[in-house]
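A.B. asks: My structure file my_file_1.txt, compact mmCIF, C-alpha atoms and all ligand atoms, is below:
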```txt
# COMPACT_ATOMS: atom_id res chain seq x y z
CA MET M 1 -175.87 -67.49 -108.79
CA THR M 2 -176.94 -69.57 -105.80
CA ALA M 3 -176.39 -67.05 -103.02
CA LYS M 4 -179.09 -64.71 -101.77
CA LEU M 5 -178.03 -61.06 -101.58
CA ILE M 6 -177.88 -59.24 -98.26
CA ASP M 7 -179.51 -55.93 -99.10
CA GLY M 8 -177.59 -53.42 -96.99
CA LYS M 9 -179.19 -50.48 -98.73
CA GLU M 10 -182.67 -51.56 -97.71
CA ILE M 11 -181.71 -52.45 -94.12
CA ALA M 12 -179.85 -49.13 -93.75
CA ARG M 13 -182.94 -47.29 -95.00
CA ARG M 14 -185.00 -49.08 -92.38
CA VAL M 15 -182.53 -48.23 -89.57
CA ARG M 16 -182.54 -44.59 -90.63
CA GLU M 17 -186.31 -44.55 -90.65
CA GLU M 18 -186.40 -46.09 -87.15
CA VAL M 19 -183.90 -43.55 -85.85
CA THR M 20 -185.83 -40.64 -87.40
CA ARG M 21 -188.99 -41.85 -85.65
CA GLU M 22 -187.17 -42.36 -82.34
CA VAL M 23 -185.56 -38.91 -82.53
CA ALA M 24 -189.00 -37.34 -82.99
CA ASP M 25 -190.33 -39.32 -79.98
CA PHE M 26 -187.29 -38.35 -77.92
CA ILE M 27 -187.86 -34.64 -78.64
CA ALA M 28 -191.63 -34.96 -78.09
CA GLY M 29 -190.84 -36.54 -74.71
CA GLY M 30 -188.88 -33.46 -73.62
CA GLY M 31 -185.39 -34.49 -74.81
CA ARG M 32 -183.08 -32.00 -76.53
CA ALA M 33 -182.54 -32.75 -80.25
CA PRO M 34 -179.44 -34.95 -80.56
CA GLY M 35 -176.50 -33.17 -82.21
CA LEU M 36 -173.58 -34.65 -84.13
CA ALA M 37 -170.29 -32.76 -84.39
CA THR M 38 -168.13 -33.86 -87.32
CA VAL M 39 -164.52 -32.69 -87.33
CA LEU M 40 -162.72 -32.72 -90.67
CA ILE M 41 -159.07 -31.74 -90.96
CA GLY M 42 -157.57 -30.99 -94.36
CA GLU M 43 -158.84 -31.62 -97.89
CA ASP M 44 -158.86 -35.36 -98.46
CA PRO M 45 -161.58 -35.76 -101.16
CA ALA M 46 -162.85 -39.15 -99.91
CA SER M 47 -163.12 -37.84 -96.33
CA GLU M 48 -164.99 -34.79 -97.61
CA VAL M 49 -167.59 -37.01 -99.25
CA TYR M 50 -167.93 -39.22 -96.15
CA VAL M 51 -168.39 -36.22 -93.87
CA ARG M 52 -170.87 -34.56 -96.20
CA ASN M 53 -172.96 -37.75 -96.28
CA LYS M 54 -172.85 -38.11 -92.50
CA ARG M 55 -173.96 -34.51 -91.99
CA ARG M 56 -176.84 -34.85 -94.47
CA ALA M 57 -178.00 -38.11 -92.91
CA CYS M 58 -177.90 -36.54 -89.47
CA VAL M 59 -180.06 -33.56 -90.53
CA SER M 60 -182.54 -35.76 -92.36
CA ALA M 61 -182.99 -37.85 -89.19
CA GLY M 62 -183.96 -34.68 -87.29
CA MET M 63 -180.63 -34.22 -85.52
CA ARG M 64 -178.50 -31.10 -85.34
CA ASP M 65 -175.33 -30.73 -87.36
CA PHE M 66 -172.28 -29.13 -85.68
CA HIS M 67 -169.55 -29.30 -88.27
CA ARG M 68 -165.96 -28.11 -87.72
CA ARG M 69 -163.67 -27.76 -90.68
CA LEU M 70 -159.98 -27.29 -89.84
CA PRO M 71 -157.06 -26.53 -92.16
CA ALA M 72 -154.56 -29.32 -92.99
CA GLU M 73 -151.82 -27.39 -91.20
CA SER M 74 -153.69 -27.32 -87.86
CA THR M 75 -151.51 -28.14 -84.89
CA GLN M 76 -152.22 -30.88 -82.39
CA ARG M 77 -153.10 -28.18 -79.89
CA ASN M 78 -155.57 -26.45 -82.28
CA VAL M 79 -157.44 -29.70 -82.86
CA GLU M 80 -157.40 -30.67 -79.19
CA ASP M 81 -158.89 -27.27 -78.31
CA VAL M 82 -161.74 -27.81 -80.78
CA LEU M 83 -162.40 -31.33 -79.45
CA ASP M 84 -162.33 -30.08 -75.84
CA GLU M 85 -164.80 -27.34 -76.70
CA LEU M 86 -167.18 -29.83 -78.34
CA ALA M 87 -166.74 -32.21 -75.40
CA ALA M 88 -167.85 -29.46 -73.00
CA ASP M 89 -170.80 -28.33 -75.15
CA SER M 90 -174.03 -29.85 -73.83
CA GLU M 91 -175.75 -29.29 -77.22
CA VAL M 92 -173.33 -31.77 -78.81
CA SER M 93 -174.32 -35.41 -78.22
CA GLY M 94 -171.73 -37.08 -80.45
CA ILE M 95 -168.27 -36.18 -81.76
CA LEU M 96 -166.84 -37.78 -84.87
CA LEU M 97 -163.23 -37.08 -85.79
CA GLN M 98 -162.91 -38.05 -89.45
CA LEU M 99 -159.93 -40.37 -89.96
CA PRO M 100 -157.28 -40.45 -91.28
CA VAL M 101 -155.97 -37.13 -89.98
CA PRO M 102 -152.91 -35.47 -91.61
CA GLY M 103 -149.67 -37.33 -90.81
CA HIS M 104 -148.17 -34.73 -88.46
CA LEU M 105 -151.07 -35.19 -86.01
CA ASP M 106 -151.29 -37.91 -83.34
CA ALA M 107 -154.69 -39.50 -84.09
CA GLU M 108 -154.75 -41.66 -80.94
CA ALA M 109 -154.16 -38.66 -78.69
CA LEU M 110 -156.93 -36.77 -80.50
CA VAL M 111 -159.45 -39.60 -80.18
CA ALA M 112 -158.57 -39.76 -76.47
CA ARG M 113 -159.97 -36.21 -76.04
CA ILE M 114 -163.45 -37.44 -76.92
CA PRO M 115 -165.45 -38.36 -73.80
CA ARG M 116 -166.68 -41.93 -73.99
CA GLU M 117 -170.34 -40.92 -73.83
CA LYS M 118 -169.86 -38.75 -76.98
CA ASP M 119 -167.64 -41.26 -78.81
CA VAL M 120 -170.13 -42.18 -81.55
CA ASP M 121 -167.42 -43.98 -83.54
CA GLY M 122 -166.74 -46.25 -80.55
CA LEU M 123 -163.00 -45.77 -80.96
CA THR M 124 -161.86 -44.58 -77.55
CA VAL M 125 -159.89 -46.89 -75.29
CA GLU M 126 -162.78 -46.74 -72.79
CA ASN M 127 -165.40 -47.90 -75.27
CA ALA M 128 -163.08 -50.61 -76.64
CA GLY M 129 -162.57 -51.82 -73.05
CA LEU M 130 -166.28 -51.81 -72.33
CA LEU M 131 -166.88 -53.84 -75.48
CA ALA M 132 -164.10 -56.29 -74.55
CA GLN M 133 -165.87 -56.83 -71.24
CA SER M 134 -169.33 -57.03 -72.86
CA ARG M 135 -170.48 -53.99 -70.91
CA PRO M 136 -172.78 -51.27 -72.32
CA GLY M 137 -171.02 -48.63 -74.41
CA LEU M 138 -170.96 -47.10 -77.88
CA ARG M 139 -169.89 -49.66 -80.49
CA PRO M 140 -167.93 -48.95 -83.69
CA CYS M 141 -170.42 -48.29 -86.49
CA THR M 142 -169.22 -50.67 -89.22
CA PRO M 143 -169.07 -53.84 -87.08
CA ALA M 144 -172.36 -52.85 -85.42
CA GLY M 145 -173.83 -52.55 -88.93
CA VAL M 146 -172.59 -56.03 -89.84
CA MET M 147 -174.27 -57.43 -86.71
CA ARG M 148 -177.53 -55.80 -87.72
CA LEU M 149 -177.29 -57.33 -91.21
CA LEU M 150 -176.67 -60.80 -89.76
CA ASP M 151 -179.63 -60.38 -87.41
CA GLU M 152 -181.95 -59.13 -90.15
CA TYR M 153 -181.19 -62.25 -92.18
CA GLU M 154 -181.54 -64.43 -89.07
CA VAL M 155 -178.05 -65.88 -89.36
CA PRO M 156 -177.55 -68.14 -86.33
CA LEU M 157 -174.47 -67.06 -84.35
CA ALA M 158 -174.54 -69.00 -81.08
CA GLY M 159 -172.04 -71.83 -81.46
CA ALA M 160 -171.38 -70.94 -85.13
CA GLU M 161 -167.84 -70.99 -86.55
CA VAL M 162 -167.15 -67.39 -87.56
CA VAL M 163 -163.92 -66.30 -89.20
CA VAL M 164 -163.03 -62.59 -89.20
CA VAL M 165 -160.30 -61.64 -91.70
CA GLY M 166 -158.56 -58.46 -90.47
CA ARG M 167 -157.72 -57.29 -86.96
CA SER M 168 -157.89 -53.50 -87.18
CA VAL M 169 -159.05 -51.41 -84.22
CA LEU M 170 -161.76 -49.94 -86.47
CA VAL M 171 -163.28 -53.15 -87.85
CA GLY M 172 -161.72 -56.58 -87.22
CA ARG M 173 -161.19 -56.46 -83.45
CA PRO M 174 -164.55 -54.96 -82.44
CA MET M 175 -166.22 -57.28 -84.98
CA ALA M 176 -164.74 -60.32 -83.25
CA GLN M 177 -165.79 -59.00 -79.82
CA LEU M 178 -169.37 -58.40 -80.92
CA LEU M 179 -169.56 -61.92 -82.35
CA LEU M 180 -168.05 -63.42 -79.20
CA ALA M 181 -170.67 -61.61 -77.13
CA ARG M 182 -173.25 -63.48 -79.22
CA ASN M 183 -171.62 -66.82 -78.42
CA ALA M 184 -170.00 -67.45 -81.80
CA THR M 185 -166.76 -69.43 -81.96
CA VAL M 186 -164.55 -66.72 -83.42
CA THR M 187 -161.28 -67.12 -85.30
CA MET M 188 -159.36 -63.98 -86.28
CA CYS M 189 -157.12 -64.03 -89.35
CA HIS M 190 -154.60 -61.38 -90.35
CA SER M 191 -151.65 -60.71 -92.62
CA ARG M 192 -149.51 -63.35 -90.87
CA THR M 193 -152.12 -66.12 -90.89
CA ARG M 194 -150.87 -69.31 -92.58
CA GLU M 195 -153.23 -71.21 -94.93
CA LEU M 196 -155.84 -68.44 -94.96
CA ALA M 197 -158.12 -70.32 -97.39
CA GLN M 198 -158.09 -73.40 -95.16
CA VAL M 199 -159.09 -71.43 -92.07
CA VAL M 200 -161.79 -69.49 -93.95
CA GLY M 201 -163.05 -72.80 -95.36
CA ARG M 202 -164.14 -73.95 -91.88
CA ALA M 203 -166.45 -71.02 -91.34
CA ASP M 204 -170.24 -70.91 -91.24
CA VAL M 205 -169.88 -67.12 -91.42
CA VAL M 206 -166.94 -65.20 -92.93
CA ILE M 207 -166.44 -61.46 -92.35
CA VAL M 208 -163.72 -59.99 -94.55
CA ALA M 209 -162.12 -56.65 -93.60
CA ALA M 210 -158.57 -56.93 -94.91
CA GLY M 211 -158.41 -53.99 -97.29
CA VAL M 212 -157.05 -56.28 -100.06
CA PRO M 213 -159.14 -56.28 -103.25
CA GLY M 214 -160.47 -59.73 -104.16
CA LEU M 215 -158.58 -61.51 -101.35
CA ILE M 216 -161.25 -64.16 -100.76
CA GLY M 217 -162.52 -66.23 -103.68
CA GLY M 218 -164.94 -69.10 -104.22
CA ASP M 219 -162.19 -71.67 -103.53
CA ALA M 220 -161.87 -70.47 -99.91
CA VAL M 221 -165.53 -70.36 -98.96
CA ARG M 222 -167.50 -73.40 -97.80
CA ALA M 223 -170.70 -74.18 -99.66
CA ASP M 224 -173.62 -72.53 -97.84
CA ALA M 225 -171.43 -70.14 -95.86
CA VAL M 226 -172.58 -66.57 -95.16
CA VAL M 227 -170.05 -64.06 -96.50
CA VAL M 228 -169.88 -60.40 -95.45
CA ASP M 229 -167.49 -58.16 -97.37
CA VAL M 230 -166.44 -55.00 -95.51
CA GLY M 231 -163.76 -53.99 -98.05
CA ILE M 232 -164.21 -50.94 -100.27
CA HIS M 233 -161.93 -50.20 -103.21
CA ARG M 234 -162.41 -47.66 -105.95
CA THR M 235 -161.44 -49.30 -109.25
CA ALA M 236 -161.84 -48.40 -112.91
CA ASP M 237 -164.92 -50.70 -112.91
CA GLY M 238 -166.49 -49.00 -109.90
CA LEU M 239 -166.49 -50.02 -106.23
CA ARG M 240 -165.18 -53.48 -105.38
CA GLY M 241 -164.66 -55.38 -102.14
CA ASP M 242 -162.21 -57.82 -100.54
CA VAL M 243 -164.28 -60.74 -101.86
CA ARG M 244 -164.41 -62.01 -105.44
CA PHE M 245 -168.17 -61.59 -105.55
CA ASP M 246 -168.94 -63.51 -108.76
CA GLU M 247 -167.17 -66.63 -107.51
CA VAL M 248 -168.45 -66.51 -103.94
CA ALA M 249 -172.03 -65.92 -105.09
CA GLU M 250 -171.86 -69.39 -106.73
CA THR M 251 -171.17 -71.22 -103.45
CA ALA M 252 -172.30 -69.09 -100.50
CA SER M 253 -175.85 -69.07 -99.14
CA LEU M 254 -175.86 -65.34 -98.37
CA VAL M 255 -173.45 -62.64 -99.53
CA THR M 256 -173.15 -58.85 -99.31
CA PRO M 257 -172.62 -56.98 -102.58
CA VAL M 258 -170.15 -54.08 -102.90
CA PRO M 259 -171.55 -51.47 -103.19
CA GLY M 260 -174.88 -51.83 -101.37
CA GLY M 261 -173.85 -54.23 -98.60
CA VAL M 262 -172.00 -53.11 -95.48
CA GLY M 263 -171.24 -49.57 -96.75
CA PRO M 264 -174.69 -47.99 -96.22
CA MET M 265 -174.92 -49.53 -92.74
CA THR M 266 -172.04 -47.50 -91.33
CA ILE M 267 -173.84 -44.14 -91.54
CA ALA M 268 -177.11 -45.70 -90.36
CA MET M 269 -175.38 -47.04 -87.23
CA LEU M 270 -173.68 -43.67 -86.67
CA LEU M 271 -177.13 -42.10 -86.45
CA ARG M 272 -178.24 -44.80 -84.02
CA ASN M 273 -175.13 -44.19 -81.88
CA THR M 274 -175.75 -40.43 -81.85
CA LEU M 275 -179.30 -40.95 -80.61
CA GLU M 276 -178.04 -43.47 -78.04
CA ALA M 277 -175.40 -40.96 -76.89
CA ALA M 278 -178.07 -38.24 -76.49
CA ARG M 279 -180.22 -40.63 -74.45
CA TRP M 280 -177.33 -41.55 -72.19
CA GLN M 281 -176.29 -37.96 -71.64
CA GLN M 282 -179.79 -37.01 -70.62
CA ASP M 283 -180.07 -39.99 -68.27
CA PRO M 284 -177.11 -39.83 -65.87
CA VAL M 285 -177.94 -43.23 -64.38
CA LEU M 286 -177.13 -44.84 -67.72
CA VAL M 287 -173.96 -42.76 -68.18
CA SER M 288 -172.50 -43.94 -64.90
CA ALA M 289 -173.53 -47.59 -65.49
P1 LIG V 301 -156.68 -51.93 -92.03
O1 LIG V 301 -155.73 -51.79 -93.17
O2 LIG V 301 -156.56 -51.08 -90.83
O3 LIG V 301 -156.61 -53.45 -91.51
C1 LIG V 301 -156.54 -54.52 -92.40
C2 LIG V 301 -156.39 -55.80 -91.63
O4 LIG V 301 -156.39 -56.88 -92.57
C3 LIG V 301 -155.10 -55.90 -90.84
O5 LIG V 301 -155.40 -56.35 -89.54
C4 LIG V 301 -154.25 -56.94 -91.57
O6 LIG V 301 -153.53 -57.80 -90.70
C5 LIG V 301 -155.29 -57.75 -92.33
N1 LIG V 301 -154.76 -58.20 -93.61
C6 LIG V 301 -154.09 -57.47 -94.54
N2 LIG V 301 -153.70 -58.26 -95.58
C7 LIG V 301 -154.14 -59.50 -95.30
C8 LIG V 301 -154.03 -60.73 -95.97
N3 LIG V 301 -153.41 -60.85 -97.14
N4 LIG V 301 -154.58 -61.82 -95.38
C9 LIG V 301 -155.22 -61.72 -94.20
N5 LIG V 301 -155.35 -60.57 -93.52
C10 LIG V 301 -154.81 -59.47 -94.06
O7 LIG V 301 -158.13 -51.82 -92.68
P2 LIG V 301 -159.59 -51.53 -92.02
O8 LIG V 301 -159.69 -50.12 -91.60
O9 LIG V 301 -159.94 -52.62 -91.06
O10 LIG V 301 -160.48 -51.68 -93.34
C11 LIG V 301 -160.55 -52.89 -94.07
C12 LIG V 301 -161.34 -52.67 -95.34
O11 LIG V 301 -162.66 -52.29 -95.00
C13 LIG V 301 -160.82 -51.55 -96.24
O12 LIG V 301 -161.03 -51.92 -97.58
C14 LIG V 301 -161.68 -50.36 -95.88
O13 LIG V 301 -161.81 -49.45 -96.93
C15 LIG V 301 -162.98 -51.06 -95.60
N6 LIG V 301 -163.86 -50.33 -94.67
C16 LIG V 301 -165.15 -50.21 -95.02
C17 LIG V 301 -166.04 -49.58 -94.18
C18 LIG V 301 -167.47 -49.49 -94.57
O14 LIG V 301 -168.18 -48.61 -94.12
N7 LIG V 301 -167.96 -50.41 -95.40
C19 LIG V 301 -165.61 -49.04 -92.96
C20 LIG V 301 -164.28 -49.21 -92.60
C21 LIG V 301 -163.42 -49.87 -93.47
```
With the file now loaded, output its structure as structure tokens.
C.D. replies:
Amino acid sequence: MTAKLIDGKEIARRVREEVTREVADFIAGGGRAPGLATVLIGEDPASEVYVRNKRRACVSAGMRDFHRRLPAESTQRNVEDVLDELAADSEVSGILLQLPVPGHLDAEALVARIPREKDVDGLTVENAGLLAQSRPGLRPCTPAGVMRLLDEYEVPLAGAEVVVVGRSVLVGRPMAQLLLARNATVTMCHSRTRELAQVVGRADVVIVAAGVPGLIGGDAVRADAVVVDVGIHRTADGLRGDVRFDEVAETASLVTPVPGGVGPMTIAMLLRNTLEAARWQQDPVLVSA
């Protein structure tokens, strides 16, 4: 293996430690303890695990946990009422609606009930617009986590050719915007891209968030490229990503493993966003900026 591993577990641990320290300082300085409200609808087992981990991480960073568990058959109105109540509660700094929600609910309309200053997932139209204009706002956790990994490993971004595979609202699009804000030359690929391997082959940095197991192999990646795999797939052999790790590790200079790469960063950045949200809410000048 020629590639060096990007140790997401270690960086995430460091971010969580930083946030824990900053939360303690914030409270010591007269701030109210930041609080995260997680909203889980229904009984999807994967979502239950994600929410449980987020709640634990929040408590261990010294933040308050305001969890709301709603039955799968909740109506749009029921969920909107809960979100409105959390939005109005000054003890709640951040609101996270766990996605996906059951099919009969309109997820976009629900996310729209979250005020932008409590939108710790960075998914509201307002926060997406602020990001598109490079203005301050809460950024989606997974792409923000990828940026932190690239910075920790001092990957040069200004002027670099970066290819993002995937254009979802959750990962691909905000990822591209964050990279653009750092002066990368960004190419976005998606399910209709022709000659995917050729486009990926140009990149100094490749970020793969396609949700297709093993989509990108060693043949597509330039020697010495940096490869970040956002994909997560549960297989009989454990967790796997969108990148064929064994092949890419033979050519790339830096690569994220799955598990232990991008995954742990998402929760760490959620904690950072919750603290940021609490700071903004207690400093109205920043909120109106
Ligand atoms: P999504 O399904 O919403 O979007 C996938 C995107 O990939 C689409 O834009 C689509 O056009 C593109 N795509 C699909 N097939 C392609 C192909 N053959 N070639 C090129 N592009 C293709 O998925 P998402 O929510 O963005 O998630 C992507 C992956 O990242 C999933 O595996 C998901 O589980 C994982 N994920 C991980 C984390 C984390 O914390 N590590 C967070 C979010 C998502």
A.B. asks: Rounded to one decimal in Å, what is the spacing between CA of Val101 (chain M) and CA of Gln76 (chain M)?
C.D. replies: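 According to the coordinates, CA of Val101 (chain M) and CA of Gln76 (chain M) are separated by 10.5 Å.
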A.B. asks: Let me make sure I understand: among M:Ala252, M:Ile41, M:Leu170, M:Leu138, which one has the smallest atom-to-atom distance to Leu105 (chain M) if we use only C-alpha atoms?
C.D. replies: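 Smallest separation from Leu105 (chain M) among the options: M:Ile41.
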A.B. asks: Can I get the residues close to ligand LIG 301 (chain V) as a ChimeraX atom specification, where close means within 8 Å and we count only C-alpha atoms and all ligand atoms?
C.D. replies: /M:141-142,165-172,189-193,196,208-213,215,229-233,241-242,261-267
A.B. asks: List every protein, DNA or RNA residue with an atom no more than 12 Å from (-167.0, -59.2, -84.0) in the file's coordinates, counting all atoms listed in the file, and format the result as a ChimeraX atom specification.
C.D. replies: /M:128,131-132,134,139-148,150,157,162-188,205-209,228
A.B. asks: Can you work out the spacing between CA of Asp219 (chain M) and CA of Pro156 (chain M) in Å, to one decimal?
C.D. replies: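 For CA of Asp219 (chain M) relative to CA of Pro156 (chain M), the distance reads 23.3 Å.
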A.B. asks: Enter the distance from CA of Pro259 (chain M) to CA of Asp7 (chain M), in Å, rounded to one decimal.
C.D. replies: 10.0 Å
A.B. asks: Any idea what's packed within 12 Å of Arg14 (chain M), counting all atoms listed in the file, ignoring anything in its chain fewer than 4 positions away? Could you give it as a PyMOL selection string?
C.D. replies: chain M and resi 7-10+18-21+61+148-149+152+264-265+268-269+272
A.B. asks: Write out, as JSON lines, each residue of region 264-287 of chain M that has an atom at most 10 Å from region 25-34 of chain M, together with the closest pair of atoms and their distance in Å to one decimal, counting only C-alpha atoms, rows going by chain and rising number.
C.D. replies:
```
{"residue": "M:Leu271", "atom": "CA", "partner": "M:Pro34", "partner_atom": "CA", "distance": 9.5}
{"residue": "M:Thr274", "atom": "CA", "partner": "M:Pro34", "partner_atom": "CA", "distance": 6.7}
{"residue": "M:Leu275", "atom": "CA", "partner": "M:Pro34", "partner_atom": "CA", "distance": 6.0}
{"residue": "M:Glu276", "atom": "CA", "partner": "M:Pro34", "partner_atom": "CA", "distance": 9.0}
{"residue": "M:Ala277", "atom": "CA", "partner": "M:Pro34", "partner_atom": "CA", "distance": 8.1}
{"residue": "M:Ala278", "atom": "CA", "partner": "M:Pro34", "partner_atom": "CA", "distance": 5.4}
{"residue": "M:Arg279", "atom": "CA", "partner": "M:Gly31", "partner_atom": "CA", "distance": 8.0}
{"residue": "M:Gln281", "atom": "CA", "partner": "M:Pro34", "partner_atom": "CA", "distance": 9.9}
{"residue": "M:Gln282", "atom": "CA", "partner": "M:Gly31", "partner_atom": "CA", "distance": 7.4}
```
A.B. asks: I need the residue nearest Gly122 (chain M) from this list: M:Ala12, M:Leu97, M:Ala109, M:Ala3. Use all atoms listed in the file for the distance.
C.D. replies: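 Checking each of M:Ala12, M:Leu97, M:Ala109, M:Ala3 against Gly122 (chain M), counting all atoms listed in the file, the winner is M:Leu97.
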A.B. asks: Could you check which of M:Leu239, M:Val258, M:Val155, M:Val59 is closest to Val226 (chain M), using only C-alpha atoms?
C.D. replies: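 Nearest candidate to Val226 (chain M) out of M:Leu239, M:Val258, M:Val155, M:Val59: M:Val155.
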